[in-house]
Every structure is written in structure tokens, then in C-alpha cells.
Amino acid sequence: MNGLTVGFAICGSFCTFSKVFPCLEALKEKGADIYPIMSEIAYSTDTRFGKAEEHREKITAICGRGIIHTIVDAEPIGPKNLLDILIIAPCTGNTLGKMASGITDSSVTMAAKAQLRNGLPVLIAVSTNDALGTSAKNIAILMNKKNVFFVPMKQDDPVKKQNSMVADFNLLIPAMEQALIGKQIQPVMQ
């Protein structure tokens, strides 16, 4: 991965941050040059899963550069052809819906639009309570979109949250390697 330029966009599924940070660290250890991107909500919201400032400091320390967190900062990704791949991990149902509908109103959706504009891969690691409900149609739309790939996902609590699915973050790097050569890792849903 030496020389690979990775955009790593983080949305507000705060409960998965503890799984996302090791992925960032693994990419960095393998030599990737990482541009961190956070949705405005993820960038600024304190939750029971941690303080926003602590998350920002950790991400900045891992990546060695500041976080893109506004539409204005994300827009140059396209014209500068900045990234080899954009990873959105975690990707919330809200962001899935916006991407499926072509809505660009956040730093993350702008980064995705910019990346797809260049015909380059976007890898999505889903984390949403309605993946098998309202978000199912958005996932299907994105699965049929050129250059959009998914980290395999599974139900995280089929008894209490029947519609909820989360990506298997252990498969993020293998899914990325396949996306870089235009292939979807299988199975998409476990």
C-alpha cells in the first residue's frame, strides 16, 4: 500500500468508532497516505462513545494531517484527483440515502461525489439500524452504481434490531484491495 492515497470518511455511527480506528491504524501501518474526512455531525458531536475533540485528536495523530470536515474543504478532491480510493466507514443510513439520491450537502457526500466524478472507487462500510428496512432500497441503488463497493455486512442483533446491519470491519482492507481492481468482495451480506 505504499504510495496509495486513501480518503477515509467517518460518519456519525458513533458506536462503531472503536472498530474504525484500528482500520485507520492498519492502513497507516501498511503505508497508505490517508486523508481523514468527517461528517459535520461526527466532527462536532460528543456522545456516550466519546468526546468529539478526543476522536479528532486520535484521527489526526493516526493520519498525520488535519481532518476535512466541510463541503468547501472536500470539493477539491475531484479537481485535484486527490484519492486512489475513498472509504466511508462507518456509513450511516442518512449518508446512504443522500448518496443514492445524488444529494451533496455534507463533507462526506461531497467527497463521494468528487471521487465518483473521477471514475474512482468508493468503498462503503454500512452501519445503520434500518439496512433491511428503509435503507435497503438505497443500498440496492448504490450496489448497482459503477465504482461503488461494499464491505461485507451482517445483522448485528437480529433479535432486538431486526433491520440493523453493520459492516464486518475485519474485512475492510480485503474489500478495499478488491475495490481497487474493480471487484466486489463476496459475499456482500453474511
# chains A, B, ... in the order shown; residues from 1 in each chain; ligands from 1
$ residues_around --residues "region 132-147 of chain A" --least-positions-apart "4" --cutoff "12 Å" --atoms "only C-alpha atoms" --output "JSON, numbers by chain"
{"A": [84, 85, 86, 87, 91, 92, 93, 94, 95, 96, 97, 98, 99, 100, 101, 102, 112, 113, 115, 116, 117, 118, 119, 120, 121, 122, 123, 124, 125, 126, 127, 128, 151, 152, 153, 154, 155, 156, 158, 161, 162, 163, 164, 165, 166, 176, 178, 179, 180, 181, 182, 183, 184, 188, 189]}
$ residues_around --residues "Cys23 (chain A)" --least-positions-apart "6" --cutoff "9 Å" --atoms "only C-alpha atoms" --output "list in words"
Phe169, Asn170, Leu172 and Ile173 of chain A
$ write_last_selection --atoms "C-alpha atoms" --output "PDB file, in the first residue's frame"
ATOM      1  CA  PHE A 169     -14.662  -4.145   9.752  1.00  0.00           C
ATOM      2  CA  ASN A 170     -12.206  -7.076   9.760  1.00  0.00           C
ATOM      3  CA  LEU A 172     -12.349  -3.608   5.260  1.00  0.00           C
ATOM      4  CA  ILE A 173      -8.806  -3.970   3.912  1.00  0.00           C
TER       5      ILE A 173
END
$ closest_residue --among "A:Asn81, A:Asn129, A:Ser106, A:Asn2" --to "Ala42 (chain A)" --atoms "only C-alpha atoms"
A:Ser106
$ atom_distance --atom1 "CA of Ile185 (chain A)" --atom2 "CA of Ser107 (chain A)"
26.5 Å
$ select_by_dssp --residues "region 17-147 of chain A" --states "strand (DSSP E or B)" --output "MDAnalysis selection string"
chainID A and resid 33:38 47 50 68 85:91 122:128
$ write_last_selection --atoms "N, CA and C atoms" --output "CSV table (one decimal), in the first residue's frame"
chain,number,residue,atom,x,y,z
A,33,ASP,N,-1.2,6.6,2.5
A,33,ASP,CA,-1.3,8.1,2.8
A,33,ASP,C,-2.8,8.4,3.0
A,34,ILE,N,-3.2,8.7,4.2
A,34,ILE,CA,-4.6,8.9,4.5
A,34,ILE,C,-5.0,10.3,4.6
A,35,TYR,N,-6.1,10.6,3.9
A,35,TYR,CA,-6.8,11.9,4.1
A,35,TYR,C,-8.1,11.7,4.9
A,36,PRO,N,-8.1,12.1,6.2
A,36,PRO,CA,-9.3,11.9,7.0
A,36,PRO,C,-10.3,12.9,6.7
A,37,ILE,N,-11.6,12.4,6.6
A,37,ILE,CA,-12.7,13.2,6.3
A,37,ILE,C,-13.8,12.8,7.4
A,38,MET,N,-14.4,13.8,8.0
A,38,MET,CA,-15.5,13.5,8.9
A,38,MET,C,-16.8,14.3,8.5
A,47,THR,N,-20.7,12.2,22.4
A,47,THR,CA,-21.7,11.2,22.7
A,47,THR,C,-21.2,10.3,23.9
A,50,GLY,N,-17.8,8.8,23.4
A,50,GLY,CA,-16.6,9.7,23.4
A,50,GLY,C,-16.8,11.1,23.0
A,68,ILE,N,-10.6,16.9,6.9
A,68,ILE,CA,-11.6,17.5,6.0
A,68,ILE,C,-12.9,17.4,6.7
A,85,ILE,N,-8.7,5.8,-3.6
A,85,ILE,CA,-10.0,5.2,-3.2
A,85,ILE,C,-10.5,6.1,-2.0
A,86,LEU,N,-11.8,6.1,-1.9
A,86,LEU,CA,-12.5,6.7,-0.8
A,86,LEU,C,-13.2,5.6,0.0
A,87,ILE,N,-12.9,5.6,1.2
A,87,ILE,CA,-13.6,4.6,2.1
A,87,ILE,C,-14.6,5.4,3.0
A,88,ILE,N,-15.8,5.0,3.1
A,88,ILE,CA,-16.8,5.6,4.0
A,88,ILE,C,-17.1,4.6,5.1
A,89,ALA,N,-16.5,4.8,6.3
A,89,ALA,CA,-16.6,3.8,7.4
A,89,ALA,C,-16.6,4.5,8.7
A,90,PRO,N,-17.7,4.5,9.4
A,90,PRO,CA,-19.0,3.9,9.1
A,90,PRO,C,-19.8,4.8,8.2
A,91,CYS,N,-20.7,4.2,7.4
A,91,CYS,CA,-21.6,4.9,6.5
A,91,CYS,C,-23.0,4.7,7.1
A,122,VAL,N,-15.3,4.0,-4.5
A,122,VAL,CA,-15.8,4.4,-3.2
A,122,VAL,C,-16.2,3.1,-2.5
A,123,LEU,N,-15.7,2.8,-1.4
A,123,LEU,CA,-15.9,1.6,-0.6
A,123,LEU,C,-16.8,2.0,0.6
A,124,ILE,N,-17.9,1.4,0.8
A,124,ILE,CA,-18.9,1.8,1.9
A,124,ILE,C,-18.9,0.7,2.9
A,125,ALA,N,-18.7,1.1,4.2
A,125,ALA,CA,-18.9,0.1,5.3
A,125,ALA,C,-20.1,0.6,6.1
A,126,VAL,N,-21.2,-0.1,5.8
A,126,VAL,CA,-22.5,0.2,6.3
A,126,VAL,C,-22.6,0.1,7.8
A,127,SER,N,-23.3,1.0,8.5
A,127,SER,CA,-23.7,0.8,9.9
A,127,SER,C,-25.0,1.6,10.1
A,128,THR,N,-26.1,0.9,10.0
A,128,THR,CA,-27.4,1.5,10.1
A,128,THR,C,-28.4,0.6,10.7
$ residues_around --residues "region 63-67 of chain A" --least-positions-apart "5" --cutoff "10 Å" --atoms "only C-alpha atoms" --output "ChimeraX atom specification"
/A:8-9,24-25,27-28,32-39,43,56-58,73-74
$ write_last_selection --atoms "C-alpha atoms" --output "PDB file, in the first residue's frame"
ATOM      1  CA  PHE A   8     -11.203   7.794   4.926  1.00  0.00           C
ATOM      2  CA  ALA A   9     -14.608   9.344   5.639  1.00  0.00           C
ATOM      3  CA  LEU A  24      -7.191   3.547  10.144  1.00  0.00           C
ATOM      4  CA  GLU A  25      -4.154   2.363  12.098  1.00  0.00           C
ATOM      5  CA  LEU A  27      -3.926   1.267   6.734  1.00  0.00           C
ATOM      6  CA  LYS A  28      -1.303   3.660   8.060  1.00  0.00           C
ATOM      7  CA  ALA A  32      -1.201   4.273   2.987  1.00  0.00           C
ATOM      8  CA  ASP A  33      -1.303   8.067   2.794  1.00  0.00           C
ATOM      9  CA  ILE A  34      -4.627   8.850   4.494  1.00  0.00           C
ATOM     10  CA  TYR A  35      -6.787  11.936   4.090  1.00  0.00           C
ATOM     11  CA  PRO A  36      -9.251  11.860   7.002  1.00  0.00           C
ATOM     12  CA  ILE A  37     -12.743  13.185   6.345  1.00  0.00           C
ATOM     13  CA  MET A  38     -15.527  13.520   8.909  1.00  0.00           C
ATOM     14  CA  SER A  39     -19.156  14.445   8.502  1.00  0.00           C
ATOM     15  CA  TYR A  43     -16.677  16.037  13.729  1.00  0.00           C
ATOM     16  CA  ARG A  56     -10.473  14.319  16.201  1.00  0.00           C
ATOM     17  CA  GLU A  57      -7.156  14.203  18.061  1.00  0.00           C
ATOM     18  CA  LYS A  58      -6.886  10.433  17.615  1.00  0.00           C
ATOM     19  CA  ASP A  73     -12.621  21.506   2.038  1.00  0.00           C
ATOM     20  CA  ALA A  74     -13.932  18.317   0.357  1.00  0.00           C
TER      21      ALA A  74
END
$ atom_distance --atom1 "CA of Pro187 (chain A)" --atom2 "CA of Lys30 (chain A)"
24.9 Å
